[in-house]
Structure formats: structure tokens, C-alpha cells
>>> print(open('final_2.cif').read())   # mmCIF, C-alpha atoms and all ligand atoms
data_entry
loop_
_atom_site.label_atom_id
_atom_site.label_comp_id
_atom_site.auth_asym_id
_atom_site.auth_seq_id
_atom_site.Cartn_x
_atom_site.Cartn_y
_atom_site.Cartn_z
CA MET A 1 0.00 0.00 0.00
CA ASP A 2 1.08 3.51 -0.70
CA LEU A 3 -0.26 5.49 2.19
CA ILE A 4 2.79 5.64 4.41
CA GLY A 5 3.26 9.24 5.52
CA GLU A 6 3.41 11.77 8.30
CA GLU A 7 1.16 9.84 10.68
CA GLU A 8 3.39 6.76 10.57
CA LYS A 9 6.51 8.92 10.88
CA LYS A 10 5.14 10.69 13.93
CA ALA A 11 4.15 7.44 15.64
CA LEU A 12 7.53 5.92 14.90
CA MET A 13 9.41 8.98 16.14
CA GLU A 14 7.47 8.89 19.36
CA VAL A 15 8.86 5.42 20.05
CA ILE A 16 12.39 6.22 18.82
CA GLU A 17 12.59 9.42 20.87
CA ALA A 18 11.38 7.62 23.95
CA GLY A 19 14.00 4.98 23.21
CA TYR A 20 11.96 1.99 24.42
CA LEU A 21 11.32 -0.61 21.71
CA PHE A 22 10.09 -3.74 23.52
CA ARG A 23 6.42 -4.71 23.77
CA TYR A 24 6.53 -5.19 27.52
CA GLY A 25 7.12 -2.38 29.96
CA ASP A 26 6.03 -0.60 33.07
CA LEU A 27 3.14 1.76 32.40
CA SER A 28 4.43 4.18 35.02
CA ASN A 29 7.59 4.55 32.95
CA PRO A 30 6.99 7.53 30.60
CA ARG A 31 9.34 6.00 28.02
CA PHE A 32 7.05 3.00 27.57
CA LYS A 33 4.38 3.80 24.99
CA ALA A 34 2.55 0.44 25.04
CA LYS A 35 2.09 0.52 21.26
CA VAL A 36 1.75 -3.24 20.82
CA TRP A 37 -0.67 -3.53 23.73
CA ASN A 38 -2.82 -0.70 22.40
CA LEU A 39 -2.69 -1.97 18.82
CA GLU A 40 -4.04 -5.31 20.02
CA ARG A 41 -7.00 -3.62 21.66
CA GLU A 42 -7.68 -1.24 18.79
CA PHE A 43 -7.40 -3.99 16.18
CA ALA A 44 -9.77 -6.30 18.04
CA ASN A 45 -12.15 -3.40 18.46
CA LYS A 46 -12.07 -2.56 14.78
CA ILE A 47 -12.71 -6.19 13.82
CA GLY A 48 -15.36 -6.69 16.47
CA SER A 49 -13.46 -9.44 18.27
CA LYS A 50 -12.89 -9.74 21.98
CA TYR A 51 -9.17 -10.41 21.77
CA GLY A 52 -6.36 -9.41 19.45
CA LEU A 53 -2.78 -10.62 19.49
CA ALA A 54 0.06 -8.99 17.54
CA VAL A 55 2.64 -11.28 15.95
CA THR A 56 5.45 -11.04 13.40
CA SER A 57 3.59 -12.02 10.21
CA GLY A 58 0.45 -13.45 8.69
CA THR A 59 2.23 -16.78 8.55
CA THR A 60 3.02 -16.81 12.27
CA ALA A 61 -0.55 -15.63 12.91
CA LEU A 62 -1.80 -18.76 11.09
CA LEU A 63 0.66 -21.01 12.92
CA THR A 64 -0.26 -19.53 16.28
CA ALA A 65 -3.94 -20.03 15.52
CA LEU A 66 -3.51 -23.62 14.29
CA TRP A 67 -1.45 -24.55 17.34
CA SER A 68 -3.88 -22.82 19.69
CA LEU A 69 -6.73 -24.80 18.17
CA GLY A 70 -4.80 -27.99 18.91
CA ILE A 71 -4.36 -28.96 15.29
CA GLY A 72 -1.53 -31.45 14.95
CA PRO A 73 -0.37 -34.88 13.80
CA GLY A 74 -3.07 -36.99 12.17
CA ASN A 75 -5.45 -34.10 11.64
CA GLU A 76 -6.63 -33.03 8.23
CA VAL A 77 -7.30 -29.40 7.44
CA ILE A 78 -9.29 -28.46 4.34
CA VAL A 79 -7.72 -25.53 2.50
CA PRO A 80 -8.30 -24.07 -0.97
CA GLY A 81 -5.93 -24.86 -3.85
CA TYR A 82 -5.96 -21.17 -4.66
CA THR A 83 -4.31 -19.33 -1.77
CA PHE A 84 -0.88 -18.04 -0.85
CA ILE A 85 1.40 -20.95 0.01
CA ALA A 86 1.66 -19.82 3.66
CA SER A 87 -1.89 -21.11 4.29
CA ILE A 88 -0.69 -24.58 3.32
CA THR A 89 2.79 -24.49 4.87
CA SER A 90 1.39 -23.38 8.20
CA ILE A 91 -0.72 -26.56 8.21
CA ILE A 92 2.33 -28.69 7.30
CA PHE A 93 4.39 -27.05 10.06
CA SER A 94 1.59 -27.91 12.47
CA ARG A 95 2.32 -31.50 11.38
CA ALA A 96 -1.22 -31.74 10.08
CA ILE A 97 -2.27 -32.73 6.57
CA PRO A 98 -3.53 -30.11 4.15
CA ILE A 99 -6.45 -31.34 2.07
CA LEU A 100 -6.82 -29.25 -1.04
CA ALA A 101 -10.30 -28.28 -2.13
CA GLU A 102 -11.72 -26.47 -5.14
CA VAL A 103 -12.61 -22.82 -5.36
CA ASP A 104 -15.71 -21.62 -7.21
CA LYS A 105 -16.40 -18.37 -9.03
CA THR A 106 -15.90 -16.42 -5.79
CA LEU A 107 -12.29 -17.72 -5.93
CA THR A 108 -12.77 -18.92 -2.36
CA LEU A 109 -13.57 -22.42 -1.04
CA ASP A 110 -16.44 -24.16 -2.82
CA PRO A 111 -18.81 -25.41 -0.08
CA GLN A 112 -19.86 -28.43 -2.17
CA ASP A 113 -16.29 -29.60 -2.56
CA VAL A 114 -15.50 -28.96 1.10
CA ILE A 115 -18.30 -31.36 2.06
CA LYS A 116 -16.84 -33.97 -0.29
CA LYS A 117 -13.40 -33.64 1.27
CA ILE A 118 -14.49 -34.27 4.86
CA THR A 119 -13.20 -37.53 6.35
CA PRO A 120 -13.14 -38.89 9.92
CA LYS A 121 -9.70 -37.26 10.23
CA THR A 122 -10.83 -33.76 9.31
CA LYS A 123 -10.36 -31.37 12.18
CA ALA A 124 -10.67 -27.92 10.63
CA ILE A 125 -11.54 -25.84 7.60
CA MET A 126 -9.23 -22.99 6.70
CA LEU A 127 -11.36 -20.53 4.81
CA VAL A 128 -9.21 -18.06 2.90
CA HIS A 129 -10.87 -14.77 2.02
CA MET A 130 -8.88 -14.29 -1.17
CA LEU A 131 -8.31 -11.00 -2.92
CA GLY A 132 -10.10 -8.75 -0.45
CA ASN A 133 -13.38 -10.55 -0.57
CA PRO A 134 -15.19 -12.76 1.95
CA GLY A 135 -15.82 -16.44 1.21
CA HIS A 136 -19.05 -18.43 1.76
CA LEU A 137 -19.22 -17.70 5.47
CA ASN A 138 -22.77 -18.79 6.22
CA GLU A 139 -22.23 -22.12 4.49
CA MET A 140 -18.82 -22.70 6.07
CA VAL A 141 -20.07 -21.96 9.56
CA LYS A 142 -22.89 -24.44 8.97
CA ILE A 143 -20.64 -27.12 7.49
CA ALA A 144 -18.22 -26.72 10.40
CA GLU A 145 -21.02 -26.96 12.97
CA ASN A 146 -22.73 -29.92 11.33
CA ASN A 147 -19.49 -31.87 11.12
CA ASN A 148 -17.97 -30.82 14.40
CA LEU A 149 -15.07 -29.03 12.73
CA LEU A 150 -13.11 -25.95 13.67
CA LEU A 151 -13.21 -22.94 11.36
CA LEU A 152 -10.10 -20.81 10.96
CA GLU A 153 -10.26 -17.75 8.73
CA ASP A 154 -7.20 -16.69 6.78
CA CYS A 155 -7.88 -12.96 6.42
CA ALA A 156 -4.37 -12.00 5.27
CA GLN A 157 -5.73 -10.47 2.07
CA SER A 158 -8.98 -9.17 3.44
CA MET A 159 -8.42 -6.71 6.26
CA GLY A 160 -11.42 -4.39 6.07
CA ALA A 161 -13.68 -6.96 4.37
CA LYS A 162 -17.09 -7.71 5.83
CA TYR A 163 -19.84 -10.24 5.42
CA GLU A 164 -23.37 -9.19 6.31
CA ASN A 165 -21.86 -6.22 8.09
CA LYS A 166 -19.58 -8.27 10.31
CA SER A 167 -15.83 -8.32 9.80
CA VAL A 168 -14.11 -11.37 8.36
CA GLY A 169 -12.17 -13.19 11.06
CA THR A 170 -15.08 -13.14 13.52
CA PHE A 171 -17.11 -16.06 12.15
CA GLY A 172 -14.80 -18.94 12.98
CA GLN A 173 -13.02 -19.77 16.22
CA MET A 174 -10.02 -17.70 15.14
CA GLY A 175 -8.94 -15.30 12.43
CA ALA A 176 -5.45 -14.47 11.14
CA PHE A 177 -4.43 -11.21 9.46
CA SER A 178 -1.25 -9.96 7.78
CA LEU A 179 0.40 -6.54 7.84
CA ASN A 180 2.77 -7.40 5.02
CA VAL A 181 3.38 -4.85 2.27
CA TYR A 182 1.01 -6.54 -0.20
CA LYS A 183 -2.04 -6.28 2.07
CA THR A 184 -4.74 -3.65 2.73
CA ILE A 185 -2.78 -1.92 5.49
CA SER A 186 0.87 -2.58 6.21
CA ALA A 187 3.74 -2.16 8.58
CA GLY A 188 6.16 -3.84 6.15
CA ASP A 189 5.58 -7.11 7.93
CA GLY A 190 3.45 -8.14 10.89
CA GLY A 191 0.37 -10.15 11.72
CA MET A 192 -2.64 -10.29 14.02
CA VAL A 193 -4.65 -13.13 15.54
CA VAL A 194 -8.21 -12.52 16.70
CA THR A 195 -10.65 -14.61 18.72
CA ASP A 196 -13.64 -14.25 21.02
CA ASP A 197 -12.57 -17.17 23.16
CA GLU A 198 -10.57 -16.31 26.26
CA ASP A 199 -8.91 -19.73 26.50
CA LEU A 200 -7.84 -19.65 22.87
CA TYR A 201 -6.49 -16.15 23.39
CA LYS A 202 -4.46 -17.27 26.39
CA ARG A 203 -3.11 -20.23 24.47
CA ALA A 204 -2.26 -18.05 21.49
CA PHE A 205 -0.51 -15.55 23.74
CA ALA A 206 1.52 -18.30 25.36
CA ILE A 207 2.46 -19.79 22.00
CA HIS A 208 3.60 -16.44 20.64
CA ASP A 209 5.80 -15.81 23.68
CA GLN A 210 7.47 -18.72 25.44
CA GLY A 211 4.37 -19.78 27.34
CA HIS A 212 3.64 -16.51 29.15
CA LEU A 213 0.26 -15.33 30.28
CA PRO A 214 -1.15 -12.23 28.59
CA LEU A 215 0.23 -9.50 30.82
CA ARG A 216 1.25 -6.03 29.80
CA GLN A 217 4.35 -6.14 31.90
CA GLY A 218 5.46 -9.44 30.53
CA VAL A 219 7.52 -12.03 32.24
CA GLU A 220 5.87 -13.93 35.00
CA GLN A 221 7.79 -16.94 36.20
CA GLY A 222 6.44 -20.29 37.18
CA LYS A 223 2.92 -20.13 35.79
CA ARG A 224 3.48 -21.43 32.31
CA SER A 225 1.43 -24.31 31.10
CA VAL A 226 2.07 -24.17 27.37
CA LEU A 227 5.29 -24.27 25.40
CA GLY A 228 5.76 -21.31 23.13
CA LEU A 229 8.17 -19.67 20.75
CA ASN A 230 8.83 -16.02 20.02
CA PHE A 231 6.55 -14.38 17.48
CA ARG A 232 6.40 -11.07 19.36
CA MET A 233 5.83 -7.76 17.63
CA ASN A 234 7.96 -4.80 18.68
CA GLU A 235 6.93 -1.21 19.41
CA LEU A 236 8.21 0.16 16.10
CA THR A 237 6.07 -2.16 13.99
CA ALA A 238 3.07 -1.55 16.22
CA ALA A 239 3.48 2.24 15.96
CA VAL A 240 3.25 2.02 12.16
CA ALA A 241 0.44 -0.54 12.28
CA GLN A 242 -1.58 1.66 14.63
CA ALA A 243 -1.24 4.65 12.32
CA GLN A 244 -2.21 2.46 9.38
CA LEU A 245 -5.23 1.08 11.19
CA LYS A 246 -6.54 4.64 11.55
CA LYS A 247 -6.42 4.94 7.77
CA LEU A 248 -8.31 1.72 7.10
CA ASP A 249 -11.71 3.32 6.57
CA TYR A 250 -10.26 5.94 4.26
CA ILE A 251 -8.35 3.29 2.28
CA ARG A 252 -11.40 1.06 2.06
CA ASN A 253 -13.66 3.86 0.82
CA LYS A 254 -11.08 5.00 -1.70
CA LEU A 255 -10.54 1.46 -2.99
CA LYS A 256 -14.24 0.84 -3.36
CA GLU A 257 -14.75 4.13 -5.15
CA ASN A 258 -11.85 3.51 -7.53
CA LYS A 259 -12.89 -0.07 -8.15
CA HIS A 260 -16.38 1.06 -8.99
CA ILE A 261 -15.08 3.46 -11.64
CA LEU A 262 -12.74 0.89 -13.15
CA LYS A 263 -15.42 -1.79 -13.14
CA SER A 264 -18.00 0.48 -14.79
CA ILE A 265 -15.59 1.22 -17.61
CA ILE A 266 -14.95 -2.41 -18.49
CA SER A 267 -18.55 -3.50 -17.75
CA THR A 268 -19.54 -2.25 -21.19
CA ASN A 269 -18.02 -5.47 -22.44
CA LYS A 270 -20.53 -8.26 -21.96
CA GLU A 271 -18.24 -11.20 -22.68
CA ILE A 272 -16.23 -11.00 -19.51
CA GLU A 273 -17.65 -12.34 -16.28
CA PHE A 274 -16.74 -10.71 -13.00
CA ARG A 275 -15.67 -12.79 -10.09
CA HIS A 276 -18.71 -13.50 -7.88
CA ILE A 277 -18.89 -11.20 -4.91
CA LEU A 278 -21.10 -12.60 -2.15
CA ASP A 279 -21.66 -9.31 -0.34
CA LYS A 280 -21.09 -6.28 -2.52
CA TYR A 281 -20.73 -4.02 0.52
CA GLY A 282 -18.30 -6.40 2.13
CA ASP A 283 -15.63 -6.47 -0.57
CA VAL A 284 -12.65 -4.33 0.48
CA GLY A 285 -11.83 -3.58 -3.16
CA THR A 286 -8.08 -4.21 -3.34
CA LEU A 287 -8.47 -6.07 -6.65
CA LEU A 288 -10.76 -6.28 -9.64
CA THR A 289 -10.99 -9.85 -10.89
CA PHE A 290 -12.80 -11.22 -13.89
CA PHE A 291 -12.96 -14.29 -16.15
CA MET A 292 -12.35 -14.19 -19.87
CA PRO A 293 -14.51 -16.57 -21.95
CA THR A 294 -11.57 -18.88 -22.76
CA ALA A 295 -8.07 -19.64 -21.52
CA GLU A 296 -6.67 -18.46 -24.88
CA SER A 297 -8.32 -15.04 -24.68
CA ALA A 298 -7.16 -14.68 -21.06
CA GLU A 299 -3.62 -15.52 -22.12
CA LYS A 300 -3.77 -12.95 -24.89
CA LEU A 301 -5.07 -10.29 -22.53
CA ALA A 302 -2.40 -11.04 -19.93
CA ASN A 303 0.26 -10.56 -22.61
CA LYS A 304 -1.15 -7.23 -23.63
CA LEU A 305 -1.18 -6.07 -20.02
CA GLU A 306 2.31 -7.46 -19.40
CA THR A 307 0.93 -9.55 -16.57
CA THR A 308 -0.16 -13.19 -16.15
CA THR A 309 -3.41 -15.07 -15.81
CA ILE A 310 -4.10 -16.05 -12.19
CA SER A 311 -3.15 -19.65 -13.02
CA LYS A 312 0.42 -18.43 -13.49
CA SER A 313 0.53 -16.28 -10.36
CA GLY A 314 3.34 -18.24 -8.71
CA TRP A 315 2.86 -19.56 -5.21
CA HIS A 316 -0.78 -18.58 -5.07
CA VAL A 317 -1.82 -21.64 -7.05
CA TYR A 318 -1.17 -25.20 -5.85
CA ASN A 319 0.02 -26.24 -9.33
CA ASN A 320 3.01 -23.92 -9.00
CA MET A 321 4.06 -25.03 -5.51
CA GLU A 322 6.78 -27.39 -6.64
CA HIS A 323 8.23 -28.01 -3.17
CA PHE A 324 4.88 -28.98 -1.79
CA LEU A 325 3.88 -31.25 -4.68
CA GLN A 326 6.73 -33.63 -3.79
CA LYS A 327 6.46 -36.07 -0.95
CA MET A 328 9.18 -34.78 1.27
CA THR A 329 11.07 -36.87 3.81
CA VAL A 330 13.25 -35.96 6.72
CA THR A 331 16.30 -36.39 4.50
CA ASP A 332 15.10 -34.01 1.83
CA GLU A 333 16.19 -30.43 2.02
CA GLY A 334 12.64 -29.19 1.63
CA CYS A 335 11.28 -30.17 5.01
CA PRO A 336 13.00 -30.13 8.40
CA PHE A 337 10.98 -33.08 9.63
CA THR A 338 9.17 -36.01 8.04
CA CYS A 339 6.42 -34.37 6.15
CA PRO A 340 3.03 -35.11 7.69
CA TYR A 341 1.74 -36.57 4.46
CA TYR A 342 4.83 -38.66 3.66
CA ASN A 343 3.32 -41.96 4.72
CA SER A 344 -0.24 -41.11 3.93
CA GLU A 345 -2.19 -42.09 0.86
CA ILE A 346 -2.79 -38.52 0.03
CA GLU A 347 -1.21 -37.30 -3.16
CA TYR A 348 -0.71 -33.80 -4.42
CA LYS A 349 -0.58 -33.61 -8.16
CA LYS A 350 -0.72 -30.95 -10.80
CA GLY A 351 -4.22 -30.79 -12.21
CA MET A 352 -5.87 -32.43 -9.20
CA LEU A 353 -8.37 -29.56 -8.89
CA PRO A 354 -9.90 -29.30 -12.39
CA GLN A 355 -12.57 -26.77 -11.48
CA THR A 356 -10.00 -24.45 -9.90
CA ASP A 357 -7.68 -24.88 -12.88
CA GLU A 358 -10.39 -24.15 -15.40
CA LEU A 359 -11.36 -20.93 -13.58
CA LEU A 360 -7.85 -19.68 -12.92
CA ASN A 361 -6.78 -20.28 -16.53
CA ARG A 362 -9.39 -17.70 -17.52
CA ALA A 363 -8.98 -15.33 -14.57
CA ILE A 364 -7.31 -11.92 -14.60
CA ASN A 365 -6.43 -9.81 -11.57
CA ILE A 366 -6.29 -6.04 -11.93
CA SER A 367 -4.77 -4.00 -9.11
CA VAL A 368 -7.01 -1.45 -7.44
CA GLY A 369 -4.71 -1.09 -4.43
CA VAL A 370 -2.44 -4.12 -4.36
CA SER A 371 -0.04 -4.18 -7.28
CA ASP A 372 1.80 -7.48 -6.97
CA ALA A 373 3.32 -9.37 -9.87
CA GLY A 374 3.23 -12.51 -7.71
CA LEU A 375 -0.55 -12.18 -7.52
CA GLY A 376 -0.85 -11.50 -11.25
CA SER A 377 -1.91 -7.91 -10.55
CA ALA A 378 1.01 -6.00 -12.04
CA TYR A 379 -1.45 -4.02 -14.18
CA GLY A 380 -3.85 -1.56 -12.62
CA ILE A 381 -4.20 1.44 -10.37
CA HIS A 382 -3.24 2.47 -6.84
CA VAL A 383 -5.09 3.93 -3.92
CA THR A 384 -3.59 7.33 -4.81
CA SER A 385 -4.49 7.17 -8.53
CA THR A 386 -6.20 10.26 -9.93
CA ARG A 387 -9.55 10.14 -11.70
CA GLU A 388 -7.78 10.73 -15.04
CA GLU A 389 -5.36 7.88 -14.45
CA ILE A 390 -8.19 5.49 -13.58
CA GLN A 391 -10.07 6.53 -16.71
CA GLU A 392 -6.98 6.07 -18.85
CA LYS A 393 -6.07 2.66 -17.39
CA GLY A 394 -9.70 1.55 -17.61
CA GLU A 395 -9.97 2.48 -21.28
CA PHE A 396 -6.69 0.78 -22.11
CA LEU A 397 -7.92 -2.32 -20.30
CA LEU A 398 -11.28 -2.32 -22.09
CA ASN A 399 -9.52 -1.97 -25.40
CA ALA A 400 -7.12 -4.79 -24.56
CA ILE A 401 -10.05 -7.02 -23.54
CA GLU A 402 -11.82 -6.38 -26.81
CA GLN A 403 -8.70 -7.07 -28.86
CA SER A 404 -8.11 -10.31 -26.98
CA LEU A 405 -11.58 -11.60 -27.76
CA ASP A 406 -11.26 -11.89 -31.51
C1 LIG A 501 0.18 -12.92 2.57
C2 LIG A 501 -0.62 -14.08 2.93
C3 LIG A 501 -0.29 -14.89 4.03
C4 LIG A 501 0.98 -14.73 4.82
O1 LIG A 501 1.15 -13.46 5.35
P1 LIG A 501 2.65 -12.94 5.65
O2 LIG A 501 2.42 -11.73 6.48
O3 LIG A 501 3.27 -12.62 4.33
O4 LIG A 501 3.36 -14.01 6.37
C5 LIG A 501 -1.15 -15.94 4.36
N1 LIG A 501 -2.25 -16.19 3.64
C6 LIG A 501 -2.59 -15.45 2.57
C7 LIG A 501 -3.85 -15.76 1.83
C8 LIG A 501 -1.77 -14.38 2.16
O5 LIG A 501 -2.10 -13.67 1.09
#
>>> encode(input="final_2.cif", output="C-alpha cells", more="lines below")
Ligand SMILES: *Cc1c(COP(=O)(O)O)cnc(C)c1O
Amino acid sequence: MDLIGEEEKKALMEVIEAGYLFRYGDLSNPRFKAKVWNLEREFANKIGSKYGLAVTSGTTALLTALWSLGIGPGNEVIVPGYTFIASITSIIFSRAIPILAEVDKTLTLDPQDVIKKITPKTKAIMLVHMLGNPGHLNEMVKIAENNNLLLLEDCAQSMGAKYENKSVGTFGQMGAFSLNVYKTISAGDGGMVVTDDEDLYKRAFAIHDQGHLPLRQGVEQGKRSVLGLNFRMNELTAAVAQAQLKKLDYIRNKLKENKHILKSIISTNKEIEFRHILDKYGDVGTLLTFFMPTAESAEKLANKLETTTISKSGWHVYNNMEHFLQKMTVTDEGCPFTCPYYNSEIEYKKGMLPQTDELLNRAINISVGVSDAGLGSAYGIHVTSTREEIQEKGEFLLNAIEQSLD
């Protein structure tokens, strides 16, 4: 995102000038600004969750959540074949088995396929709200309840997205967000975990910091019941994240406005089909995604835009995750432990999700606020684009679409 400015600088300087950079401190010490602590409260508030926990990345947010939920060896977790690889690796590093499922025209998990993938070993569904837009939340909540499964929401790409006026991340037991540079708001890197459940929050807190209880002042000896690692955020990151959080509504409104203009321009073409949006008010608007009628026309268009179809967007599509498609063993370089699926019957093969493949071969991502070649959205506009620029890019795009169709 492009909106890093005076507010972030001021917040950062406040911490630097005070000279106290660690998340824990004594509130009576004027040098301690409690940025991480306050960010956690403000973030949870914004999302409408009871608890928020700041961590180092979206990936560690997912890991923390999976471990808190008790997901481990022998468990299967259903995850879409179209997602950033971190959704899948976090399951593998929990020693659980990722079960890939199809996406539908929302480009999020297809509820019908999720039902088909449930086995007696299934423990959780990881619903990924891809490209700024919520997935089938009502259905997933129901499927999870009916089958006694946990629901974890990967909201890394959808900070600011809502479903029926409720933020993503609040429907399942836990939600994970990212503050990486390619997301709605950013501190360079960083992540957040949210939950309404006090026990899960305490477990998550312990996991993110060597087993400690959630205390502002930190270290408390002798009361640990959980083993943890260190995924702590520091005061500098939190200062920037807090300033960014204050801009979320502005960013969201701007994105939606810009997306609307861009979409209206290309809507005059009736041969393209827009990605299905389940709640048009809930989309955060970071990307404009549509399907061309054929893979060939999509390929042509991608060439004209000097971008790629979504099917070629690197580690966002299971087909391109070469390290994960192999069965890794403890002796391979790819995995530091015996891969959880090494001895299982489960196979990961190119082309195993035909519905996903068919859709992604025809799908094009246009940046509205997240320009990322890795996501296939190198072409497009930015949150700071002027009206003229949007018009110009939109007309070029429309023209390119029309030329690609014949
Ligand atoms: C970016 C992303 C992540 C990982 O977030 P990081 O902050 O980069 O670790 C996880 N899931 C999805 C869907 C993402 O897009």
C-alpha cells in the first residue's frame, strides 16, 4: 500500500525518541508507549473481536492459531488450492495434513467440494478470504457446525472486508491477518490473531511468547502451562500498524470508489464475467478480478497487459508449488521433519483440482490497491491514482479485452 506518511513517521518517532522498543514495559515509565498492547485492543475493536494478538507475520498468525486450536499430527485441514502458500505451509508445520479443495467463481472455497473432502480425520476448515473478498461464510459456519469441525479464517488479504456487516475473522473460532506490504494496510511485515474465546487467546498468547500469560508487563515466572516460541511484535512495527489502522476506513472507501469506476468502464463489455462477490458491501476492493470466456483469450489479454493469468501467479496456485507437490522426507532439504503426508495415501498432483484450474486459466487480476506481480496484478491502479489515471487505465484495459476476444 502507498499510504505511508506523516502519521506513521510521527508514531515511529514517538517510540524512537522515547527509546523503548520492547512490547513489555512498566506503564508508570513515561518512556514506555505500550504501542503493541494498544494496537491489540484497537485492532480487536475494529474487527469486532474480543481479543487481538500482535505477531510477526500473517504466517506466524496462522501457525499460532492452528497450534492454539490444537491442530496437529493426524489431523486433516481443508484448504483451498488457490491461496498463498503460507496457508498450506502453516498446516504442514503444524504437522497436520492439508487437504486441497476447489474454489468456485468467488475464488474462495467451494462449499460443495468442502463437504466432499471431509473424512473422519478432518479437524478444521481454513477458509481463505482471497483477494479482499469474503468467502461463503454462512455455508462454512454451517458445514463446520454440522461436522464438528473448527473454522479458521485466513484474512491476510482481506483486512477491512465484511460479510453481512460483520468483519471477516469473527465467524470462525479464530482469524489471522497480515500486515505485510502486499495487504490492505501494512507495517512492512506483521500479523494479528483474533478470537472471542478467552482460553484460545491465552493459548495463542503463550504460543507467541514462550508460554507466558497475557500480561502487559510481561515475564511472569512459574505459571506457564504451554510451550511457546517467540513471534512477538515490537513497538516500532506496532506504531506504524496503529497509524495504518486509523487509515483503514479511508483506504477502504477510496478502494471501493476507484474499483467502482474501473469496473463500470470495463462493464460495457458483456463477454467478460466478474468474479462472484457474495456481499457487494463487504468487498474491500483491493483487486478487480474477472474471467475471460476462454483460456486463450485470457492468455492474450495477460500478454497485452504485461501480466499473467491467475493460473500463473506463482505460489498462489497449488500447481506452481513445486516443493509442496513432492512427498518430502526428513532427508530431503525441503522439510526439516518427516512431512506429515509422507506416509499417507494422500497425493498432491498438478491438475488435481480441475474446477480451480479451469477458472484460474481464464482469470485476470487487476490492481485497485495491491499491485503485486506474484498475484498477477502487475497491471492496474493504486489507492492514490487520480480520476484521469483510472479513466486512462480503464480504457486501455477495455480496449485490450476487446482485442483479446477476436
Ligand atoms: C500474505 C498471505 C499470508 C501470509 O502473510 P505474511 O504476512 O506474508 O506471512 C497468508 N495467507 C494469505 C492468503 C496471504 O495472502
>>> closest_atom_pairs(input="final_2.cif", of="segment 253-343 of chain A", to="segment 71-80 of chain A", cutoff="10 Å", atoms="only C-alpha atoms", output="Markdown table")
| residue | atom | partner | partner_atom | distance |
| --- | --- | --- | --- | --- |
| A:Val317 | CA | A:Pro80 | CA | 9.2 |
| A:Tyr318 | CA | A:Pro80 | CA | 8.7 |
| A:Pro340 | CA | A:Pro73 | CA | 7.0 |
| A:Tyr341 | CA | A:Gly74 | CA | 9.1 |
>>> residues_around(input="final_2.cif", residues="Ser57 of chain A", least_positions_apart="4", cutoff="8 Å", atoms="only C-alpha atoms", output="PDB file with C-alpha atoms, in the coordinates of the input")
ATOM      1  CA  ALA A  61      -0.550 -15.630  12.910  1.00  0.00           C
ATOM      2  CA  SER A 178      -1.250  -9.960   7.780  1.00  0.00           C
ATOM      3  CA  LEU A 179       0.400  -6.540   7.840  1.00  0.00           C
ATOM      4  CA  ASN A 180       2.770  -7.400   5.020  1.00  0.00           C
ATOM      5  CA  ASP A 189       5.580  -7.110   7.930  1.00  0.00           C
ATOM      6  CA  GLY A 190       3.450  -8.140  10.890  1.00  0.00           C
ATOM      7  CA  GLY A 191       0.370 -10.150  11.720  1.00  0.00           C
ATOM      8  CA  MET A 192      -2.640 -10.290  14.020  1.00  0.00           C
TER       9      MET A 192
END
>>> closest_residue(input="final_2.cif", among="A:Gly374, A:Gly172, A:Pro111, A:Gly25", to="ligand LIG 501 (chain A)", atoms="all atoms listed in the file")
A:Gly374
>>> residues_around(input="final_2.cif", residues="Arg232 of chain A", least_positions_apart="6", cutoff="8 Å", atoms="all atoms listed in the file", output="PyMOL selection string")
chain A and resi 23+54-56+208-209
>>> axis_aligned_box(input="final_2.cif", around="ligand LIG 501 (chain A)", padding_each_side="6 Å", output="AutoDock Vina command-line options")
--center_x -0.2 --center_y -14.0 --center_z 3.8 --size_x 19.2 --size_y 16.5 --size_z 17.4
>>> closest_residue(input="final_2.cif", among="A:Asp357, A:Asp113, A:Glu7, A:Glu347", to="Pro98 of chain A", atoms="all atoms listed in the file")
A:Glu347
>>> residues_near_ligand(input="final_2.cif", ligand="ligand LIG 501 (chain A)", cutoff="9 Å", atoms="only C-alpha atoms and all ligand atoms", output="number ranges by chain")
A: 56-62, 82-88, 90, 128-131, 154-158, 176-183, 188-191, 316, 375
>>> closest_residue(input="final_2.cif", among="A:Ser367, A:Ser313, A:Asn148, A:Thr184", to="Ala241 of chain A", atoms="only C-alpha atoms")
A:Thr184
>>> residues_around(input="final_2.cif", residues="Arg31 of chain A", least_positions_apart="4", cutoff="12 Å", atoms="all atoms listed in the file", output="VMD selection string")
chain A and resid 14 to 27 35 235
>>> residues_around(input="final_2.cif", residues="Leu200 of chain A", least_positions_apart="4", cutoff="9 Å", atoms="only C-alpha atoms", output="VMD selection string")
chain A and resid 65 68 to 69 173 to 174 195 to 196 204 to 205
>>> closest_residue(input="final_2.cif", among="A:Ser186, A:Gln355, A:Thr108, A:Asn165", to="Asp279 of chain A", atoms="only C-alpha atoms")
A:Asn165
>>> residues_around(input="final_2.cif", residues="Gly380 of chain A", least_positions_apart="6", cutoff="7 Å", atoms="all atoms listed in the file", output="list of chain:residue names")
A:Ile366, A:Ser367, A:Val368, A:Lys393
>>> closest_residue(input="final_2.cif", among="A:Ser225, A:Phe274, A:Pro30, A:Leu63", to="Thr89 of chain A", atoms="all atoms listed in the file")
A:Leu63
>>> atom_distance(input="final_2.cif", atom1="atom CA of Val193 of chain A", atom2="atom CA of Leu53 of chain A")
5.0 Å
